[in-house]
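Report on the structure given below.
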Amino acid sequence: MSDNKLPEEGDRIAKLLARAGVASRREVERMIADGRVAIDGKVLGTPAIKLTDLAGVTVDGKPVAKAEATRLFCFNKPSGLITAERDPAGRPTIYTALRNAIPQSAGRLMPIGRLDFNTEGLLLLTNDGALKRAMELPSSGVPRTYRARAFGDITQEQLDGLIEGITIDGVRYGSIEADLERGSGRNRWIEMTLTEGKNREVRRVLEHLGLQVSRLLRTAYGPFELGELARGQASEISRGDLFNFRRTLPKQ
């Protein structure tokens, strides 16, 4: 296929490969730049090409499976699991637990964002690299809600100040909505909603306020909630709910 005669119909190849679960759209574009993607044996020289399907497309010399319909799963991640396919230290990963929680028909699933080793709760997984990237981008503004059990002295007034954002050790954290749940004593639950999801953001912010976090769980990501999903179990988001949510995301 000549690069001078690119099809006008279809989707850009990076989008199709992302939908097929190869990698995110940006990662696919890097793979193309590195000469790892070919069509009918010819190395692709541009990510601008449009295709109606992935017939004849190879990555690293291997044929790409047909792009499947986008699927999205909620998983209640237990504490003590790494959000990765493998861990050099040999610690168990989320995929160890997912073997029994996700149907084999789901294929390769990628986590949307990460939860730390000791953080539990809602982890979304998808087979669509484009959806993964769109939900992770801070510019998309998808809210994440956490509940943290923390020890120390804190007031609602102090937490209200986080709505303006905060800078810690040179790192700027954007607006955070934080509410101190009712109770007494120095061991309290705090609910926090944020849209950036920087590495260890909740823990670092609360520790900066002088609190010690003993438990942290994510309860919601966008409109999807943990609800009564049992620890270590997963459930699939309906196609209708997924379709309606995707319509709210900014176009990438």
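Ordering of the structure tokens sets the chain letters (A, B, ...); residue numbers start at 1 within each chain; ligands are numbered from 1 in the order shown.
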Q: Just the residues within 9 Å of region 101-107 of chain A, please, counting only C-alpha atoms, with nothing from its chain fewer than 5 positions along; format it as a VMD selection string.
A: chain A and resid 71 73 75 126 to 127 232 to 236
Those selected residues, please, written with N, CA and C atoms and delivered as a tab-separated table (two decimals), in the first residue's frame.
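After the write, out36.tsv holds the following:
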```tsv
chain	number	residue	atom	x	y	z
A	71	ARG	N	-14.74	-4.11	26.33
A	71	ARG	CA	-15.31	-4.66	27.56
A	71	ARG	C	-14.67	-3.95	28.75
A	73	PHE	N	-14.47	-4.21	33.12
A	73	PHE	CA	-14.76	-4.99	34.32
A	73	PHE	C	-14.41	-4.19	35.58
A	75	PHE	N	-13.19	-4.79	39.43
A	75	PHE	CA	-12.53	-5.82	40.25
A	75	PHE	C	-12.29	-5.24	41.63
A	126	THR	N	-9.86	-3.25	31.27
A	126	THR	CA	-10.46	-3.22	29.94
A	126	THR	C	-9.56	-3.90	28.92
A	127	ASN	N	-10.14	-4.29	27.80
A	127	ASN	CA	-9.36	-4.83	26.69
A	127	ASN	C	-9.08	-3.75	25.64
A	232	GLY	N	-11.85	-9.63	45.88
A	232	GLY	CA	-11.29	-10.64	45.00
A	232	GLY	C	-12.21	-11.05	43.86
A	233	GLN	N	-13.41	-10.47	43.80
A	233	GLN	CA	-14.36	-10.81	42.75
A	233	GLN	C	-14.44	-9.69	41.71
A	234	ALA	N	-15.01	-10.03	40.55
A	234	ALA	CA	-15.13	-9.07	39.45
A	234	ALA	C	-16.52	-9.15	38.83
A	235	SER	N	-16.94	-8.06	38.21
A	235	SER	CA	-18.21	-8.04	37.49
A	235	SER	C	-18.04	-7.17	36.25
A	236	GLU	N	-18.78	-7.48	35.20
A	236	GLU	CA	-18.64	-6.74	33.95
A	236	GLU	C	-19.67	-5.61	33.87
```
Q | Residues within 8 Å of Pro111 (chain A), only C-alpha atoms, excluding chain neighbours under 5 positions, as a ChimeraX atom specification | A | /A:83,123-126,132
Q: Using DSSP on the backbone coordinates, identify all residues within region 97-193 of chain A classified as helix (DSSP H, G or I); present the result as a VMD selection string.
A: chain A and resid 97 to 98 104 to 106 129 to 136 138 to 140 156 to 164
Q: Can you work out the spacing between CA of Lys42 (chain A) and CA of Val22 (chain A) in Å, to one decimal?
A: 18.9 Å
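For region 153-200 of chain A, backbone-based DSSP labels the following residues as strand (DSSP E or B): Ile166, Thr167, Ile168, Val171, Arg172, Tyr173, Glu177, Ala178, Asp179, Leu180, Asn187, Arg188, Trp189, Ile190, Glu191, Met192, Thr193 and Leu194 of chain A.
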Q) Could you name the residues that touch Arg246 (chain A) at 10 Å or less, counting only C-alpha atoms, but leaving out those on the same chain fewer than 4 positions away, as a PyMOL selection string? A) chain A and resi 131+134-135+241-242+250-251
For the residues in the current selection, export all heavy atoms as an mmCIF file, in the first residue's frame.
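What landed in part05.cif:
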```
data_model
loop_
_atom_site.group_PDB
_atom_site.id
_atom_site.type_symbol
_atom_site.label_atom_id
_atom_site.label_comp_id
_atom_site.auth_asym_id
_atom_site.auth_seq_id
_atom_site.Cartn_x
_atom_site.Cartn_y
_atom_site.Cartn_z
ATOM 1 N N LEU A 131 -9.619 3.297 25.537
ATOM 2 C CA LEU A 131 -10.454 3.623 26.701
ATOM 3 C C LEU A 131 -9.582 3.784 27.939
ATOM 4 O O LEU A 131 -9.781 4.708 28.736
ATOM 5 C CB LEU A 131 -11.492 2.527 26.917
ATOM 6 C CG LEU A 131 -12.363 2.684 28.174
ATOM 7 C CD1 LEU A 131 -13.212 3.948 28.100
ATOM 8 C CD2 LEU A 131 -13.253 1.452 28.370
ATOM 9 N N ALA A 134 -7.891 7.186 27.802
ATOM 10 C CA ALA A 134 -8.840 8.283 27.976
ATOM 11 C C ALA A 134 -9.255 8.436 29.435
ATOM 12 O O ALA A 134 -9.409 9.557 29.937
ATOM 13 C CB ALA A 134 -10.069 8.062 27.091
ATOM 14 N N MET A 135 -9.419 7.326 30.142
ATOM 15 C CA MET A 135 -9.856 7.407 31.534
ATOM 16 C C MET A 135 -8.725 7.804 32.470
ATOM 17 O O MET A 135 -8.965 8.364 33.538
ATOM 18 C CB MET A 135 -10.455 6.069 31.966
ATOM 19 C CG MET A 135 -11.771 5.739 31.293
ATOM 20 S SD MET A 135 -12.593 4.305 32.026
ATOM 21 C CE MET A 135 -13.059 4.941 33.643
ATOM 22 N N ASP A 241 -24.238 0.773 29.717
ATOM 23 C CA ASP A 241 -23.621 1.708 30.655
ATOM 24 C C ASP A 241 -22.259 2.169 30.146
ATOM 25 O O ASP A 241 -21.889 3.348 30.302
ATOM 26 C CB ASP A 241 -23.463 1.060 32.026
ATOM 27 C CG ASP A 241 -24.792 0.887 32.753
ATOM 28 O OD1 ASP A 241 -25.771 1.538 32.343
ATOM 29 O OD2 ASP A 241 -24.845 0.105 33.718
ATOM 30 N N LEU A 242 -21.503 1.259 29.528
ATOM 31 C CA LEU A 242 -20.200 1.611 28.982
ATOM 32 C C LEU A 242 -20.356 2.606 27.835
ATOM 33 O O LEU A 242 -19.622 3.601 27.748
ATOM 34 C CB LEU A 242 -19.471 0.361 28.508
ATOM 35 C CG LEU A 242 -18.114 0.570 27.822
ATOM 36 C CD1 LEU A 242 -17.168 1.361 28.708
ATOM 37 C CD2 LEU A 242 -17.509 -0.769 27.443
ATOM 38 N N PRO A 250 -14.038 13.311 26.749
ATOM 39 C CA PRO A 250 -13.597 14.182 25.655
ATOM 40 C C PRO A 250 -12.941 13.355 24.566
ATOM 41 O O PRO A 250 -12.269 12.353 24.845
ATOM 42 C CB PRO A 250 -12.592 15.120 26.329
ATOM 43 C CG PRO A 250 -12.276 14.521 27.652
ATOM 44 C CD PRO A 250 -13.359 13.576 28.015
ATOM 45 N N LYS A 251 -13.129 13.759 23.323
ATOM 46 C CA LYS A 251 -12.527 13.026 22.210
ATOM 47 C C LYS A 251 -11.021 13.227 22.229
ATOM 48 O O LYS A 251 -10.525 14.326 22.392
ATOM 49 C CB LYS A 251 -13.102 13.509 20.874
ATOM 50 C CG LYS A 251 -14.575 13.126 20.684
ATOM 51 C CD LYS A 251 -15.075 13.501 19.301
ATOM 52 C CE LYS A 251 -16.531 13.063 19.120
ATOM 53 N NZ LYS A 251 -17.029 13.393 17.762
#
```
With the cut-off set at 9 Å and counting only C-alpha atoms, tabulate each residue of region 125-162 of chain A with an atom at most that distance from an atom of region 180-204 of chain A, showing the nearest atom pair and its distance in Å to one decimal, ordered by chain and increasing number, as CSV.
```
residue,atom,partner,partner_atom,distance
A:Glu136,CA,A:Gly197,CA,8.0
A:Leu137,CA,A:Glu196,CA,7.6
A:Pro138,CA,A:Glu196,CA,4.8
A:Ser139,CA,A:Glu196,CA,8.3
A:Ser140,CA,A:Thr195,CA,8.3
A:Gly141,CA,A:Thr195,CA,5.3
A:Val142,CA,A:Thr195,CA,5.5
A:Pro143,CA,A:Thr195,CA,4.5
A:Arg144,CA,A:Leu194,CA,5.5
A:Thr145,CA,A:Thr193,CA,4.3
A:Tyr146,CA,A:Met192,CA,5.2
A:Arg147,CA,A:Glu191,CA,4.5
A:Ala148,CA,A:Ile190,CA,5.2
A:Arg149,CA,A:Trp189,CA,4.4
A:Ala150,CA,A:Arg188,CA,5.6
A:Phe151,CA,A:Asn187,CA,4.4
A:Gly152,CA,A:Arg186,CA,5.0
A:Asp153,CA,A:Arg186,CA,5.8
A:Ile154,CA,A:Arg186,CA,8.2
A:Thr155,CA,A:Leu180,CA,7.5
A:Gln156,CA,A:Leu180,CA,5.9
A:Leu159,CA,A:Leu180,CA,7.7
```
Q) Got a sec: who's within 10 Å of Gly45 (chain A), counting only C-alpha atoms, leaving out chain neighbours fewer than 5 positions off, as a count of residues only? A) 8
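Taking CA of Asn118 (chain A) and CA of Gly80 (chain A) as endpoints, the distance between them is 5.4 Å.
Relative to CA of Arg91 (chain A), CA of Cys74 (chain A) is found at 22.2 Å.
Across A:Ile237, A:Ala220, A:Val57, A:Ile112, the tightest approach to Leu16 (chain A) is made by A:Val57 when counting only C-alpha atoms.
The environment of Glu68 (chain A) within 9 Å, counting only C-alpha atoms and disregarding residues fewer than 2 places along the same chain, consists of Arg19, Ala20, Gly21, Ala65, Lys66, Thr70, Arg71, Asn127 and Asp128 of chain A.
Candidate residues A:Ser175, A:Ser24, A:Ser79, A:Thr219 were compared for distance to Asp116 (chain A), and the nearest is A:Ser79, using only C-alpha atoms.
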